[in-house]
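K.L.:
Pasting in a structure now, in structure tokens, and then I'll have a few things to ask.
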Amino acid sequence: MTGRRLTSLLAYVTATAAGASLLTGCGALPGTVGGSREPLTVMTWAPDRTKATNMPGMPAMAQAFARWVNSSGGIDGHELRVLTCNERNTSEGAADCARQAIDQKAVAVVGSYSQHGRDFMNALEAAGIPYVGGYGVTDDEFTSPLSYPVNGGQASLVAGHGMQLAGVCDKVALVRPDTVDGDRLPSLLDSGLRRAKHGGALDIPAAEDAAEYTRQAGRARSGAKGAGGCVTAVLGERTQTFFDSFRRLPEEKRRGGSRQDGADGKGRQDGKGGHVRISSVLGSVDQPVIDRTGGAHSPFEGAFVTGWYPEANDKSWAPMRKVIQEHAFVDNRVDPADTGVQTTWIAYTVLKQVVEALDRDRITATEIAHALDRGERIDTGGLTPALRWKYADLLGASGFPRIVNHQVTFQVVRQGQLVAQKPGFVDVGETLLSVT
């Protein structure tokens, strides 16, 4: 689908002509829904055009969702008005977006991304505005009583990744950010590894904004080399930079026979004769990254990847793809294989079902939060387990008490595509409860 899209310029012109608000600022998506029920105003924010992580597809998916529901009468008769805001990857930007949501009387912030949880969550809590289906990148999303996460965040991914690697890797080297948040990753990965009686990983901290990682790549290869060795990197957008440094390392002389096939049947990273397999988690590696780095010729060919949701070609994504096809086809920001876009779709699915269940002419932020707290059950069509945020449904893991979805998926890159390594979901709840 991506290859059949028009240019970014055409996407810009078309979106502007349709009246869609652009991510460069804040704006409302106009609609034509009539009736006696009051409009429903929500916000979606994400960083765009920054030097760090950018997620323009999330607000764009929110706009497409609004065009879709408003074309058929809105959500239970409520016109959906989507405000968007560029969070700019700064604490000031996050706080500014939260203030705009409050000033515009948004009833929820839905399907958003920010690494500055403390800077926006305190403001939302004071205003009583629920944060529904955030990307899951901050601790605040899993501790705030007004946060309703649809996935298990990075904690679930990394703990699950340890479980995925335990069955195929004798040695594991972890390259992760040299930050306070990065300091938590080794214990999470080790918790998954040790579920299979595996030893802990070699921990290699690295600057999260480096231009190259030759020294860390050398340490990782040395620590993982030998039969069944694996190198995993969880560096966000810099993961691609790390593996570029990794593949540029001088070739070591192999011993003991010929190279064997890797996870994809063609692999260069095969764990034999000094070669190691590579791996990561969604958010650091996803299908758009694989496409940009060469597809089947990407350095990620054969890599193991842990995700939150089914693979992008799974039939469960068909409703989202139909909405994108009909309401965002020319918008290059909306990639159905992008994890941020997928998370936003699921978050708006939650909003839609809650509003329909309330069945009222006027919907408030407090009513949405109370409905979720009372245990409104959300069916995401197989993209996640059924979601509920009643107290009894919370996992209660140390540091992540608000997790209700502790399922992950095991995937592998074959012929340039992320596909399921094993079918279905894997529950990492017990693993997260064991993290010390």
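Letters A, B, ... mark the chains of the structure tokens in the order given; residue numbers begin at 1 per chain; ligand numbers begin at 1, in order shown.
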Could you name the residues that touch segment 124-127 of chain A at 10 Å or less, counting only C-alpha atoms, but leaving out those on the same chain fewer than 2 positions away, as a PyMOL selection string?
P.N.:
chain A and resi 95+98-99+101-103+105-109+119-122+129-131+144-147+365-366
K.L.:
Could you pull out the strand (DSSP E) residues of segment 94-257 of chain A from DSSP and send them as an NGL selection string?
P.N.:
:A and (109-110 or 131-132 or 147-148 or 171-177 or 202-206 or 229-233)
K.L.:
With distances taken over only C-alpha atoms, which residue among A:Ala420, A:Ser156, A:Val412, A:Ala64 lies nearest Asn313 of chain A?
P.N.:
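When distances to Asn313 of chain A are compared using only C-alpha atoms, the smallest one comes from A:Ala420.
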K.L.:
Between segment 145-170 of chain A and segment 371-394 of chain A, at 8 Å or less, what are the per-residue closest atom pairs and their distances in Å? Count only C-alpha atoms, order by chain and rising residue number, and return it as a Markdown table.
P.N.:
```
| residue | atom | partner | partner_atom | distance |
| --- | --- | --- | --- | --- |
| A:Tyr148 | CA | A:Trp389 | CA | 6.9 |
| A:Val150 | CA | A:Leu387 | CA | 7.2 |
| A:Asn151 | CA | A:Thr384 | CA | 7.9 |
```
K.L.:
Run DSSP on the backbone of this structure and report the residues of segment 18-183 of chain A it assigns to alpha helix (DSSP H), as a PyMOL selection string.
P.N.:
chain A and resi 57-70+91-103+117-127+153-166
K.L.:
Would you mind telling me which residue in A:Asn332, A:Ser284, A:Thr84, A:Ser245 lies nearest to Pro177 of chain A when using only C-alpha atoms?
P.N.:
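Of A:Asn332, A:Ser284, A:Thr84, A:Ser245, the one nearest Pro177 of chain A, counting only C-alpha atoms, is A:Ser284.
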K.L.:
How far is it from atom CA of Ala217 of chain A to atom CA of Thr232 of chain A, in Å with one decimal?
P.N.:
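Interatomic distance, atom CA of Ala217 of chain A to atom CA of Thr232 of chain A: 10.4 Å.
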K.L.:
Please identify all polymer residues within 10 Å of Tyr135 of chain A, counting only C-alpha atoms, omitting same-chain residues fewer than 2 positions from it, and present them as a ChimeraX atom specification.
P.N.:
/A:46,58,110-115,132-133,137-138,141,149-154,283,339-344,347
K.L.:
Quote the spacing between atom CA of Gly162 of chain A and atom CA of Asp140 of chain A in Å to one decimal place.
P.N.:
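Between atom CA of Gly162 of chain A and atom CA of Asp140 of chain A the gap works out to 23.6 Å.
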K.L.:
Given only C-alpha atoms as the basis, pick out the residue of A:Lys171, A:Arg176, A:His406, A:Arg215 nearest to Arg248 of chain A.
P.N.:
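Comparing A:Lys171, A:Arg176, A:His406, A:Arg215 against Arg248 of chain A, the winner is A:Arg215.
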K.L.:
Cys230 of chain A: which residues within 6 Å, counting only C-alpha atoms, same-chain residues fewer than 3 positions away excluded, as a PyMOL selection string?
P.N.:
chain A and resi 169+172+224+276-278
K.L.:
Please dump the current selection as a compact mmCIF listing (two decimals), in the first residue's frame; keep all heavy atoms.
P.N.:
```
# COMPACT_ATOMS: atom_id res chain seq x y z
N CYS A 169 19.15 -18.51 22.34
CA CYS A 169 20.46 -17.88 22.54
C CYS A 169 21.15 -18.43 23.78
O CYS A 169 20.57 -18.42 24.88
CB CYS A 169 20.30 -16.37 22.70
SG CYS A 169 19.38 -15.56 21.38
N VAL A 172 23.75 -13.71 25.66
CA VAL A 172 23.03 -12.51 25.22
C VAL A 172 23.79 -11.28 25.70
O VAL A 172 24.19 -11.20 26.86
CB VAL A 172 21.59 -12.47 25.79
CG1 VAL A 172 20.88 -11.19 25.34
CG2 VAL A 172 20.80 -13.70 25.34
N ALA A 224 28.89 -11.99 23.05
CA ALA A 224 27.88 -12.95 22.59
C ALA A 224 28.42 -14.00 21.65
O ALA A 224 27.70 -14.92 21.28
CB ALA A 224 26.75 -12.19 21.89
N VAL A 276 26.74 -14.06 15.27
CA VAL A 276 25.68 -13.96 16.27
C VAL A 276 24.40 -13.47 15.62
O VAL A 276 24.42 -12.82 14.57
CB VAL A 276 26.08 -13.00 17.41
CG1 VAL A 276 27.31 -13.50 18.15
CG2 VAL A 276 26.30 -11.59 16.89
N ARG A 277 23.29 -13.78 16.25
CA ARG A 277 22.01 -13.27 15.80
C ARG A 277 21.75 -11.93 16.47
O ARG A 277 22.28 -11.64 17.53
CB ARG A 277 20.89 -14.26 16.17
CG ARG A 277 20.96 -15.55 15.37
CD ARG A 277 19.93 -16.54 15.85
NE ARG A 277 19.92 -17.72 15.00
CZ ARG A 277 19.19 -18.81 15.23
NH1 ARG A 277 18.42 -18.86 16.30
NH2 ARG A 277 19.25 -19.85 14.42
N ILE A 278 20.92 -11.11 15.82
CA ILE A 278 20.57 -9.81 16.39
C ILE A 278 19.09 -9.80 16.74
O ILE A 278 18.29 -10.57 16.21
CB ILE A 278 20.92 -8.66 15.44
CG1 ILE A 278 20.11 -8.74 14.15
CG2 ILE A 278 22.42 -8.66 15.14
CD1 ILE A 278 20.30 -7.55 13.23
```
K.L.:
Counting only C-alpha atoms, which residues of segment 20-133 of chain A fall within 12 Å of segment 199-211 of chain A, and what is the closest atom pair for each with its distance in Å at one decimal, ordered by chain and rising number, as JSON lines?
P.N.:
```
{"residue": "A:Lys51", "atom": "CA", "partner": "A:Asp209", "partner_atom": "CA", "distance": 9.4}
{"residue": "A:Ala52", "atom": "CA", "partner": "A:Asp209", "partner_atom": "CA", "distance": 8.1}
{"residue": "A:Thr53", "atom": "CA", "partner": "A:Asp209", "partner_atom": "CA", "distance": 10.7}
```
K.L.:
Write out, as a PDB file, in the first residue's frame, the residues just selected, with C-alpha atoms.
P.N.:
```pdb
ATOM      1  CA  LYS A  51      16.062  15.430  16.172  1.00  0.00           C
ATOM      2  CA  ALA A  52      14.901  12.497  18.320  1.00  0.00           C
ATOM      3  CA  THR A  53      11.870  10.184  18.111  1.00  0.00           C
TER       4      THR A  53
END
```
K.L.:
Give me, please, the distance in Å between atom CA of Val42 of chain A and atom CA of Arg118 of chain A, quoted to one decimal.
P.N.:
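Separating atom CA of Val42 of chain A from atom CA of Arg118 of chain A is a distance of 20.1 Å.
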K.L.:
So, counting only C-alpha atoms, which residue among A:Gln411, A:Asn86, A:Thr41, A:Ser222 is closest to Gly302 of chain A?
P.N.:
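Ranked by minimum distance to Gly302 of chain A, first place goes to A:Gln411.
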